[in-house]
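**Q** Provided herewith: run.cif, mmCIF, C-alpha atoms and all ligand atoms.
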data_start
#
loop_
_atom_site.label_atom_id
_atom_site.label_comp_id
_atom_site.auth_asym_id
_atom_site.auth_seq_id
_atom_site.Cartn_x
_atom_site.Cartn_y
_atom_site.Cartn_z
CA MET A 1 0.00 0.00 0.00
CA SER A 2 2.67 2.48 0.97
CA LEU A 3 4.64 1.46 -2.10
CA LEU A 4 1.60 2.10 -4.24
CA ARG A 5 1.13 5.47 -2.66
CA SER A 6 4.72 6.48 -3.17
CA LEU A 7 4.53 5.43 -6.81
CA ALA A 8 1.38 7.48 -7.24
CA ASP A 9 3.07 10.42 -5.54
CA ARG A 10 6.03 10.07 -7.82
CA ASP A 11 3.79 10.21 -10.85
CA ARG A 12 2.35 13.41 -9.58
CA VAL A 13 5.79 14.82 -8.93
CA PHE A 14 6.59 14.25 -12.57
CA ASP A 15 3.32 15.77 -13.77
CA PHE A 16 4.66 19.28 -13.80
CA LEU A 17 7.46 18.27 -16.16
CA VAL A 18 4.86 17.76 -18.84
CA PRO A 19 4.80 20.95 -20.91
CA ALA A 20 1.73 23.14 -20.38
CA ALA A 21 -1.50 21.21 -20.75
CA SER A 22 -2.00 22.94 -24.02
CA PRO A 23 -1.65 20.62 -26.99
CA VAL A 24 -2.11 23.68 -29.13
CA ASP A 25 -1.69 22.83 -32.78
CA VAL A 26 0.14 25.52 -34.73
CA ARG A 27 1.57 23.27 -37.43
CA HIS A 28 -0.70 24.64 -40.11
CA GLY A 29 -1.33 28.17 -38.99
CA PRO A 30 -1.44 30.86 -36.35
CA ILE A 31 -1.65 30.46 -32.59
CA LEU A 32 -4.59 32.86 -32.33
CA TYR A 33 -7.22 33.52 -34.90
CA LEU A 34 -10.22 35.85 -34.64
CA GLU A 35 -12.61 36.04 -37.55
CA ASP A 36 -15.51 38.46 -38.04
CA VAL A 37 -15.96 38.94 -34.32
CA THR A 38 -18.68 41.34 -33.21
CA VAL A 39 -19.88 42.20 -29.72
CA SER A 40 -22.46 44.81 -28.75
CA PHE A 41 -23.14 46.37 -25.37
CA ASP A 42 -26.67 47.78 -25.32
CA GLY A 43 -26.67 48.11 -29.09
CA PHE A 44 -23.21 49.74 -29.23
CA LYS A 45 -20.71 47.69 -31.20
CA ALA A 46 -17.57 47.66 -29.04
CA ILE A 47 -16.07 45.07 -31.41
CA ASP A 48 -17.21 45.25 -34.99
CA ASN A 49 -16.21 42.60 -37.47
CA LEU A 50 -12.74 42.18 -35.98
CA ASN A 51 -10.23 39.98 -37.79
CA LEU A 52 -6.89 39.28 -36.16
CA THR A 53 -4.20 36.63 -36.60
CA ILE A 54 -1.25 36.12 -34.25
CA ASP A 55 1.57 33.78 -35.23
CA ASP A 56 3.27 31.41 -32.83
CA GLY A 57 6.10 33.17 -30.99
CA GLU A 58 5.09 36.57 -32.28
CA LEU A 59 5.24 39.82 -30.28
CA ARG A 60 2.29 41.93 -31.42
CA CYS A 61 1.50 45.44 -30.29
CA ILE A 62 -2.08 46.66 -30.37
CA ILE A 63 -2.68 50.39 -30.30
CA GLY A 64 -5.69 52.61 -30.78
CA PRO A 65 -7.71 55.37 -29.14
CA ASN A 66 -9.62 55.01 -25.87
CA GLY A 67 -12.71 52.90 -26.38
CA ALA A 68 -11.34 51.26 -29.56
CA GLY A 69 -12.10 47.84 -28.11
CA LYS A 70 -8.60 46.69 -27.12
CA THR A 71 -9.48 45.48 -23.64
CA THR A 72 -12.77 44.03 -24.88
CA MET A 73 -10.78 42.05 -27.44
CA MET A 74 -8.74 40.53 -24.58
CA ASP A 75 -11.97 39.84 -22.68
CA ILE A 76 -13.20 37.86 -25.68
CA ILE A 77 -9.99 35.86 -26.10
CA THR A 78 -9.95 34.91 -22.41
CA GLY A 79 -13.64 33.97 -22.30
CA LYS A 80 -14.71 36.85 -20.04
CA THR A 81 -16.97 38.28 -22.74
CA ARG A 82 -18.87 36.24 -25.31
CA PRO A 83 -19.05 37.72 -28.78
CA ASP A 84 -22.40 37.90 -30.60
CA THR A 85 -20.92 36.51 -33.79
CA GLY A 86 -17.61 35.32 -35.20
CA SER A 87 -15.05 32.70 -34.31
CA VAL A 88 -12.02 32.63 -32.04
CA TRP A 89 -9.49 29.82 -32.32
CA PHE A 90 -6.38 28.93 -30.35
CA GLY A 91 -4.27 27.01 -32.82
CA SER A 92 -6.26 24.88 -35.21
CA ARG A 93 -7.69 22.63 -32.51
CA HIS A 94 -9.31 24.80 -29.84
CA ASP A 95 -12.49 26.73 -30.44
CA LEU A 96 -12.30 29.23 -27.58
CA LEU A 97 -15.97 30.11 -27.90
CA MET A 98 -16.79 26.61 -26.69
CA MET A 99 -14.74 27.06 -23.51
CA ASN A 100 -15.07 28.96 -20.23
CA GLU A 101 -12.46 31.20 -18.57
CA PRO A 102 -10.66 28.55 -16.48
CA GLU A 103 -10.55 26.16 -19.42
CA ILE A 104 -9.04 28.82 -21.64
CA ALA A 105 -6.47 29.73 -18.96
CA SER A 106 -5.49 26.09 -18.56
CA LEU A 107 -4.84 25.86 -22.29
CA GLY A 108 -1.98 28.28 -21.75
CA ILE A 109 -3.44 31.73 -22.28
CA GLY A 110 -2.24 34.07 -19.54
CA ARG A 111 -3.53 37.56 -19.00
CA LYS A 112 -1.89 40.45 -17.21
CA PHE A 113 -4.27 43.12 -15.99
CA GLN A 114 -3.15 46.67 -15.50
CA LYS A 115 -3.17 46.68 -11.71
CA PRO A 116 -0.60 44.29 -10.24
CA THR A 117 -2.06 41.77 -7.81
CA VAL A 118 0.88 40.35 -5.91
CA PHE A 119 0.85 39.12 -2.33
CA GLU A 120 2.63 41.92 -0.51
CA ALA A 121 3.50 40.00 2.66
CA LEU A 122 5.09 37.12 0.75
CA SER A 123 8.56 37.21 -0.75
CA VAL A 124 9.20 37.41 -4.48
CA PHE A 125 10.10 33.73 -4.45
CA GLU A 126 6.98 32.77 -2.50
CA ASN A 127 4.75 34.72 -4.87
CA LEU A 128 6.11 32.70 -7.77
CA GLU A 129 5.78 29.52 -5.74
CA LEU A 130 2.15 30.30 -5.06
CA ALA A 131 1.49 31.09 -8.72
CA MET A 132 2.91 27.70 -9.56
CA ALA A 133 0.75 26.03 -6.94
CA ALA A 134 -2.29 27.57 -8.60
CA ASP A 135 -1.49 25.13 -11.37
CA LYS A 136 -3.46 22.12 -10.12
CA ARG A 137 -1.15 19.74 -11.92
CA ILE A 138 1.74 20.49 -9.61
CA LEU A 139 -0.01 21.27 -6.34
CA PRO A 140 0.79 17.88 -4.81
CA THR A 141 4.50 18.45 -5.26
CA LEU A 142 4.40 21.55 -3.10
CA THR A 143 2.55 20.13 -0.15
CA ALA A 144 5.17 17.75 1.17
CA ARG A 145 8.49 18.89 -0.21
CA MET A 146 9.57 21.06 -3.04
CA SER A 147 11.26 19.03 -5.67
CA GLY A 148 14.48 20.31 -7.20
CA GLU A 149 12.81 20.81 -10.55
CA VAL A 150 10.09 22.99 -9.12
CA ARG A 151 12.63 25.06 -7.25
CA ASP A 152 14.74 25.44 -10.41
CA ARG A 153 11.74 26.63 -12.33
CA ILE A 154 10.97 29.28 -9.72
CA GLU A 155 14.62 30.40 -9.62
CA GLU A 156 14.53 30.68 -13.39
CA GLY A 157 11.40 32.82 -13.09
CA VAL A 158 13.10 35.08 -10.53
CA ASP A 159 16.00 35.57 -12.97
CA THR A 160 13.76 36.15 -15.99
CA ILE A 161 11.98 39.03 -14.29
CA GLY A 162 15.25 40.51 -13.06
CA LEU A 163 14.45 40.30 -9.35
CA ALA A 164 17.16 37.86 -8.22
CA ALA A 165 18.60 40.41 -5.78
CA LEU A 166 15.17 40.79 -4.18
CA ARG A 167 14.07 37.16 -4.22
CA ASP A 168 13.61 36.89 -0.44
CA ARG A 169 12.22 40.38 0.17
CA PRO A 170 8.50 40.89 0.66
CA ALA A 171 6.72 41.95 -2.49
CA GLY A 172 5.30 44.91 -0.56
CA ILE A 173 8.64 46.73 -0.76
CA LEU A 174 8.86 46.47 -4.55
CA SER A 175 8.38 49.51 -6.77
CA HIS A 176 5.32 49.67 -9.01
CA GLY A 177 7.39 48.50 -11.98
CA GLN A 178 8.95 45.62 -10.06
CA LYS A 179 5.48 44.48 -8.99
CA GLN A 180 4.43 44.45 -12.62
CA TRP A 181 7.42 42.23 -13.46
CA LEU A 182 6.61 39.95 -10.56
CA GLU A 183 3.10 39.55 -11.85
CA ILE A 184 4.42 38.71 -15.31
CA GLY A 185 6.67 36.17 -13.60
CA MET A 186 3.66 34.69 -11.83
CA LEU A 187 1.94 34.24 -15.18
CA LEU A 188 5.06 32.60 -16.59
CA MET A 189 4.98 29.98 -13.84
CA GLN A 190 1.96 28.52 -15.61
CA ARG A 191 4.00 28.18 -18.80
CA PRO A 192 1.60 30.05 -21.06
CA ARG A 193 1.77 29.76 -24.82
CA LEU A 194 0.13 33.14 -25.26
CA LEU A 195 0.46 36.14 -22.95
CA LEU A 196 -1.95 39.06 -23.14
CA VAL A 197 -0.62 42.22 -21.51
CA ASP A 198 -2.81 45.31 -21.12
CA GLU A 199 -0.96 48.62 -20.66
CA PRO A 200 2.12 47.22 -18.90
CA VAL A 201 4.10 50.44 -18.58
CA ALA A 202 1.43 52.81 -17.26
CA GLY A 203 2.92 54.55 -14.23
CA MET A 204 6.45 53.26 -14.82
CA THR A 205 9.66 55.27 -14.83
CA GLU A 206 11.69 55.48 -18.06
CA GLN A 207 14.18 53.01 -16.66
CA GLU A 208 11.45 50.57 -15.67
CA MET A 209 9.98 50.89 -19.16
CA GLU A 210 13.32 49.93 -20.70
CA ARG A 211 13.53 46.86 -18.49
CA THR A 212 9.96 45.94 -19.36
CA ALA A 213 10.79 46.24 -23.05
CA GLU A 214 13.70 43.83 -22.55
CA LEU A 215 11.53 41.44 -20.58
CA LEU A 216 8.72 41.31 -23.14
CA THR A 217 10.98 41.09 -26.19
CA GLY A 218 12.90 38.33 -24.39
CA LEU A 219 9.69 36.35 -23.85
CA ALA A 220 8.64 36.53 -27.48
CA GLY A 221 9.73 33.50 -29.43
CA LYS A 222 9.32 31.28 -26.40
CA GLN A 223 5.70 32.35 -26.17
CA SER A 224 3.46 34.60 -28.18
CA VAL A 225 2.90 37.99 -26.60
CA VAL A 226 0.14 40.51 -27.33
CA VAL A 227 0.76 43.93 -25.81
CA VAL A 228 -1.82 46.73 -25.64
CA GLU A 229 -0.16 50.05 -24.88
CA HIS A 230 -0.70 53.78 -25.33
CA ASP A 231 2.89 54.86 -24.73
CA MET A 232 4.17 55.27 -28.28
CA GLY A 233 7.82 55.52 -27.26
CA PHE A 234 7.51 52.15 -25.57
CA VAL A 235 5.61 50.61 -28.48
CA ARG A 236 8.25 51.85 -30.89
CA SER A 237 10.98 50.27 -28.76
CA ILE A 238 9.46 46.78 -28.85
CA ALA A 239 7.31 46.78 -31.97
CA ARG A 240 7.61 44.38 -34.80
CA GLN A 241 4.09 44.06 -36.14
CA VAL A 242 1.57 46.67 -34.97
CA THR A 243 -2.22 46.51 -35.22
CA VAL A 244 -4.28 49.67 -34.91
CA LEU A 245 -7.80 49.19 -33.59
CA HIS A 246 -10.47 51.78 -34.14
CA GLN A 247 -14.17 51.48 -33.39
CA GLY A 248 -13.84 47.78 -32.79
CA SER A 249 -12.06 46.77 -35.96
CA VAL A 250 -8.61 46.82 -37.52
CA LEU A 251 -7.82 50.19 -39.06
CA ALA A 252 -4.24 49.42 -40.06
CA GLU A 253 -1.57 46.78 -39.61
CA GLY A 254 2.14 46.72 -40.36
CA SER A 255 5.48 47.89 -39.04
CA MET A 256 5.53 50.83 -36.63
CA ASP A 257 6.76 53.10 -39.43
CA GLN A 258 4.02 51.90 -41.77
CA VAL A 259 1.17 52.49 -39.35
CA ALA A 260 2.67 55.72 -37.97
CA SER A 261 2.72 57.24 -41.46
CA ASP A 262 -0.79 56.06 -42.35
CA PRO A 263 -2.97 59.19 -42.64
CA ARG A 264 -6.01 57.37 -41.21
CA VAL A 265 -4.02 56.34 -38.13
CA ILE A 266 -2.68 59.86 -37.67
CA GLU A 267 -6.19 61.23 -37.92
CA VAL A 268 -7.88 58.96 -35.38
CA TYR A 269 -5.03 58.31 -32.98
CA LEU A 270 -1.47 59.46 -33.40
CA GLY A 271 -2.47 63.05 -34.16
CA ALA A 272 -4.31 63.24 -30.87
CA GLU A 273 -1.44 61.51 -29.04
CA ALA A 274 1.06 64.01 -30.47
CA ASP A 275 -1.16 66.92 -29.36
CA ALA A 276 -1.37 65.42 -25.87
CA ASP A 277 2.43 65.02 -25.77
CA GLU A 278 2.93 68.66 -26.76
CA GLU A 279 0.56 69.80 -24.06
CA MET A 280 2.57 67.89 -21.51
CA VAL A 281 5.89 69.48 -22.53
N1 LIG B 1 -19.01 45.43 -20.05
C1 LIG B 1 -19.29 46.50 -20.81
N2 LIG B 1 -20.53 47.04 -20.83
C2 LIG B 1 -20.80 48.12 -21.60
N3 LIG B 1 -19.91 48.73 -22.38
C3 LIG B 1 -18.66 48.25 -22.39
C4 LIG B 1 -18.26 47.12 -21.61
N4 LIG B 1 -16.95 46.88 -21.83
C5 LIG B 1 -16.55 47.82 -22.70
N5 LIG B 1 -17.55 48.64 -23.05
C6 LIG B 1 -17.48 49.75 -24.02
O1 LIG B 1 -16.88 49.22 -25.17
C7 LIG B 1 -15.99 50.18 -25.75
C8 LIG B 1 -14.62 49.59 -25.87
O2 LIG B 1 -14.02 49.56 -24.58
P1 LIG B 1 -12.58 48.97 -24.28
O3 LIG B 1 -12.41 49.01 -22.83
O4 LIG B 1 -12.43 47.66 -24.95
O5 LIG B 1 -11.65 50.04 -25.01
P2 LIG B 1 -10.06 50.13 -24.99
O6 LIG B 1 -9.62 50.16 -26.42
O7 LIG B 1 -9.47 49.12 -24.10
O8 LIG B 1 -9.86 51.60 -24.39
P3 LIG B 1 -8.70 52.18 -23.42
O9 LIG B 1 -7.56 52.51 -24.31
O10 LIG B 1 -9.33 53.41 -22.84
O11 LIG B 1 -8.38 51.14 -22.39
C9 LIG B 1 -16.08 51.42 -24.88
O12 LIG B 1 -16.99 52.32 -25.46
C10 LIG B 1 -16.58 50.87 -23.55
O13 LIG B 1 -17.31 51.86 -22.86
MG MG B 2 -8.41 49.18 -22.31
#
The structure in this file should be written as structure tokens.
**A**
Amino acid sequence: MSLLRSLADRDRVFDFLVPAASPVDVRHGPILYLEDVTVSFDGFKAIDNLNLTIDDGELRCIIGPNGAGKTTMMDIITGKTRPDTGSVWFGSRHDLLMMNEPEIASLGIGRKFQKPTVFEALSVFENLELAMAADKRILPTLTARMSGEVRDRIEEGVDTIGLAALRDRPAGILSHGQKQWLEIGMLLMQRPRLLLVDEPVAGMTEQEMERTAELLTGLAGKQSVVVVEHDMGFVRSIARQVTVLHQGSVLAEGSMDQVASDPRVIEVYLGAEADADEEMV
């Protein structure tokens, strides 16, 4: 009996070594695919015939004026909001409109909200540990003893987010930017295939923004990253492919230079941003 139990325990210890639950199939196409998606709130179309394709490993920036539908788009991908029409696929195998929020998260879609939600009394390391424990597949390994592999994975997370020097300090002493990185680290503990990040640099110092740019560009390739951001300097520093949303659909798509010189984009967004910048000077 005890032998049986220890064998069963050992199986569970090895569970976490299995790559994220997500058997996402990207062999024949993109990792994320939205087609003709529309959602109305009280008759107002917040998303209007939206088409968007994200390739595996891509870093995509999404920009656009307030109310363009950027956050709503993330709500749809993560299952928080159901569209009225259209389709949303994760790889070629998973119809996200058939799944609820926890199911979508467990496929490997992680979302970072604007406000960091770290546990202030716990250390950086413990926050990552807890985020890992939230993954039901590895919970049993944390109850009795922490296996070397789990510990390594947390240490790797601490390094990735650049907080090695603060690993044993309570998260409460971290700066706003460091808390944002910690939260990104907590998402990474779940080994997401796709990370959705909404306005990551709001309230950050220039230096913190630079570090965030390094962090996000470093993650791309290993996972796909979709970043919504208003700070054009930041977007320019990380951008490869940029999508401009306006009134719930794609207004323009291309390199930063392409979209920044598009008269329609200047009219609805960048013109206003430039005016705002001038006012601030
Ligand atoms: N749950 C909801 N109920 C009613 N209206 C909503 C809801 N969520 C979003 N909206 C509306 O949908 C539109 C798109 O909002 P959304 O938050 O997606 O814009 P956004 O592009 O993220 O803007 P911002 O840059 O200001 O964050 C807005 O007009 C908003 O008021
Ligand atoms: Mg928003």
**Q** Which of these, A:Asn127, A:Gln241, A:Ser40, A:Thr160, has the shortest distance to ligand LIG 1 (chain B) once you count all atoms listed in the file?
**A**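 Closest to ligand LIG 1 (chain B) of all the choices is A:Ser40.
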**Q** Could you make a table, as a Markdown table, of the residues of chain A that have an atom within 12 Å of an atom of ligand MG 2 (chain B), each with its nearest atom pair and distance in Å to one decimal, counting all atoms listed in the file, in chain and number order?
**A**
| residue | atom | partner | partner_atom | distance |
| --- | --- | --- | --- | --- |
| A:Ala46 | CA | B:MG2 | MG | 11.5 |
| A:Ile62 | CA | B:MG2 | MG | 10.6 |
| A:Ile63 | CA | B:MG2 | MG | 9.9 |
| A:Gly64 | CA | B:MG2 | MG | 9.5 |
| A:Pro65 | CA | B:MG2 | MG | 9.2 |
| A:Asn66 | CA | B:MG2 | MG | 6.9 |
| A:Gly67 | CA | B:MG2 | MG | 7.0 |
| A:Ala68 | CA | B:MG2 | MG | 8.1 |
| A:Gly69 | CA | B:MG2 | MG | 7.0 |
| A:Lys70 | CA | B:MG2 | MG | 5.4 |
| A:Thr71 | CA | B:MG2 | MG | 4.1 |
| A:Thr72 | CA | B:MG2 | MG | 7.2 |
| A:Met73 | CA | B:MG2 | MG | 9.1 |
| A:Met74 | CA | B:MG2 | MG | 8.9 |
| A:Asp75 | CA | B:MG2 | MG | 10.0 |
| A:Phe113 | CA | B:MG2 | MG | 9.7 |
| A:Gln114 | CA | B:MG2 | MG | 9.0 |
| A:Val197 | CA | B:MG2 | MG | 10.5 |
| A:Asp198 | CA | B:MG2 | MG | 6.9 |
| A:Glu199 | CA | B:MG2 | MG | 7.7 |
| A:Pro200 | CA | B:MG2 | MG | 11.2 |
| A:Ala202 | CA | B:MG2 | MG | 11.6 |
| A:Val227 | CA | B:MG2 | MG | 11.1 |
| A:Val228 | CA | B:MG2 | MG | 7.8 |
| A:Glu229 | CA | B:MG2 | MG | 8.7 |
| A:His230 | CA | B:MG2 | MG | 9.5 |
| A:Leu245 | CA | B:MG2 | MG | 11.3 |
| A:Gly248 | CA | B:MG2 | MG | 11.9 |
**Q** Set the distance at 10 Å and use all atoms listed in the file: which residues neighbour A:Arg211 once local chain neighbours fewer than 5 positions away are removed? I'd like the list as a PDB file with C-alpha atoms, keeping the file's coordinate frame.
**A**
ATOM      1  CA  ILE A 161      11.980  39.030 -14.290  1.00  0.00           C
ATOM      2  CA  GLY A 162      15.250  40.510 -13.060  1.00  0.00           C
ATOM      3  CA  GLY A 177       7.390  48.500 -11.980  1.00  0.00           C
ATOM      4  CA  GLN A 178       8.950  45.620 -10.060  1.00  0.00           C
ATOM      5  CA  TRP A 181       7.420  42.230 -13.460  1.00  0.00           C
ATOM      6  CA  THR A 205       9.660  55.270 -14.830  1.00  0.00           C
ATOM      7  CA  GLU A 206      11.690  55.480 -18.060  1.00  0.00           C
ATOM      8  CA  LEU A 216       8.720  41.310 -23.140  1.00  0.00           C
ATOM      9  CA  THR A 217      10.980  41.090 -26.190  1.00  0.00           C
TER      10      THR A 217
END
**Q** Between atom CA of A:Val225 and atom CA of A:Val88, what is the distance, to one decimal in Å?
**A**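 Rounded to one decimal, the two atoms are 16.8 Å apart.
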**Q** Find the distance between atom CA of A:Glu210 and atom CA of A:Arg236 and write it in Å to one decimal.
**A**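 So the two atoms, atom CA of A:Glu210 and atom CA of A:Arg236, lie 11.5 Å apart.
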**Q** Would you list the contacts of stretch 102-111 of chain A as a ChimeraX atom specification, taking every protein, DNA or RNA residue within 9 Å and counting all atoms listed in the file, but skipping same-chain residues closer than 4 positions in sequence?
**A** /A:20-24,74,77-79,90,94,96,135,184,187-188,190-198
**Q** Selection from above, C-alpha atoms, as an mmCIF file, keeping the file's coordinate frame, can you write it?
**A**
data_model
loop_
_atom_site.group_PDB
_atom_site.id
_atom_site.type_symbol
_atom_site.label_atom_id
_atom_site.label_comp_id
_atom_site.auth_asym_id
_atom_site.auth_seq_id
_atom_site.Cartn_x
_atom_site.Cartn_y
_atom_site.Cartn_z
ATOM 1 C CA ALA A 20 1.730 23.140 -20.380
ATOM 2 C CA ALA A 21 -1.500 21.210 -20.750
ATOM 3 C CA SER A 22 -2.000 22.940 -24.020
ATOM 4 C CA PRO A 23 -1.650 20.620 -26.990
ATOM 5 C CA VAL A 24 -2.110 23.680 -29.130
ATOM 6 C CA MET A 74 -8.740 40.530 -24.580
ATOM 7 C CA ILE A 77 -9.990 35.860 -26.100
ATOM 8 C CA THR A 78 -9.950 34.910 -22.410
ATOM 9 C CA GLY A 79 -13.640 33.970 -22.300
ATOM 10 C CA PHE A 90 -6.380 28.930 -30.350
ATOM 11 C CA HIS A 94 -9.310 24.800 -29.840
ATOM 12 C CA LEU A 96 -12.300 29.230 -27.580
ATOM 13 C CA ASP A 135 -1.490 25.130 -11.370
ATOM 14 C CA ILE A 184 4.420 38.710 -15.310
ATOM 15 C CA LEU A 187 1.940 34.240 -15.180
ATOM 16 C CA LEU A 188 5.060 32.600 -16.590
ATOM 17 C CA GLN A 190 1.960 28.520 -15.610
ATOM 18 C CA ARG A 191 4.000 28.180 -18.800
ATOM 19 C CA PRO A 192 1.600 30.050 -21.060
ATOM 20 C CA ARG A 193 1.770 29.760 -24.820
ATOM 21 C CA LEU A 194 0.130 33.140 -25.260
ATOM 22 C CA LEU A 195 0.460 36.140 -22.950
ATOM 23 C CA LEU A 196 -1.950 39.060 -23.140
ATOM 24 C CA VAL A 197 -0.620 42.220 -21.510
ATOM 25 C CA ASP A 198 -2.810 45.310 -21.120
#
**Q** Atom CA of A:Gly254 and atom O1 of ligand LIG 1 (chain B), how far apart in Å?
**A** 24.5 Å
**Q** For ligand LIG 1 (chain B), which residue among A:Ala213, A:Leu182, A:Ala164, A:Val250 is the nearest when counting only C-alpha atoms and all ligand atoms?
**A**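 Going through A:Ala213, A:Leu182, A:Ala164, A:Val250 one by one, the smallest distance to ligand LIG 1 (chain B) is for A:Val250.
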**Q** Which residue, A:Met189, A:Leu163, A:Val201, A:Leu50, has the smallest gap to A:Lys115 when you use all atoms listed in the file?
**A**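 The answer is A:Val201, which sits nearest to A:Lys115.
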**Q** For each of A:Glu214, A:Asp231, A:Glu58, A:Glu267, take the minimum atom-to-atom distance to ligand LIG 1 (chain B), counting only C-alpha atoms and all ligand atoms, then give the residue where this is smallest.
**A**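 Among the listed residues, the smallest separation from ligand LIG 1 (chain B) belongs to A:Asp231.
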**Q** Please identify all polymer residues within 7 Å of A:Ser249, counting all atoms listed in the file, omitting same-chain residues fewer than 2 positions from it, and present them as a VMD selection string.
**A** chain A and resid 47 to 50 245 to 247 251
**Q** Calculated over only C-alpha atoms, which of the candidates A:Ser255, A:Thr81, A:Arg240, A:Ser261 has the smallest distance to A:Arg60?
**A** A:Arg240
**Q** Of the candidates A:Leu128, A:Ala121, A:Val244, A:Ala133, which one gets nearest to ligand LIG 1 (chain B) if we count only C-alpha atoms and all ligand atoms?
**A**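 With only C-alpha atoms and all ligand atoms as the atom set, the closest residue is A:Val244.
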**Q** Name the residues within 10 Å of (13.3, 30.1, -10.3), counting all atoms listed in the file in the file's coordinates, and put them as a PyMOL selection string.
**A** chain A and resi 125+128-129+149-161+164+167+185+189
**Q** Box along x, y and z, 8 Å on every side, all listed atoms of ligand LIG 1 (chain B) inside: centre and edge lengths in Å to one decimal, as lines of an AutoDock Vina configuration file.
**A**
center_x = -14.2
center_y = 49.4
center_z = -23.2
size_x = 29.2
size_y = 24.0
size_z = 22.4
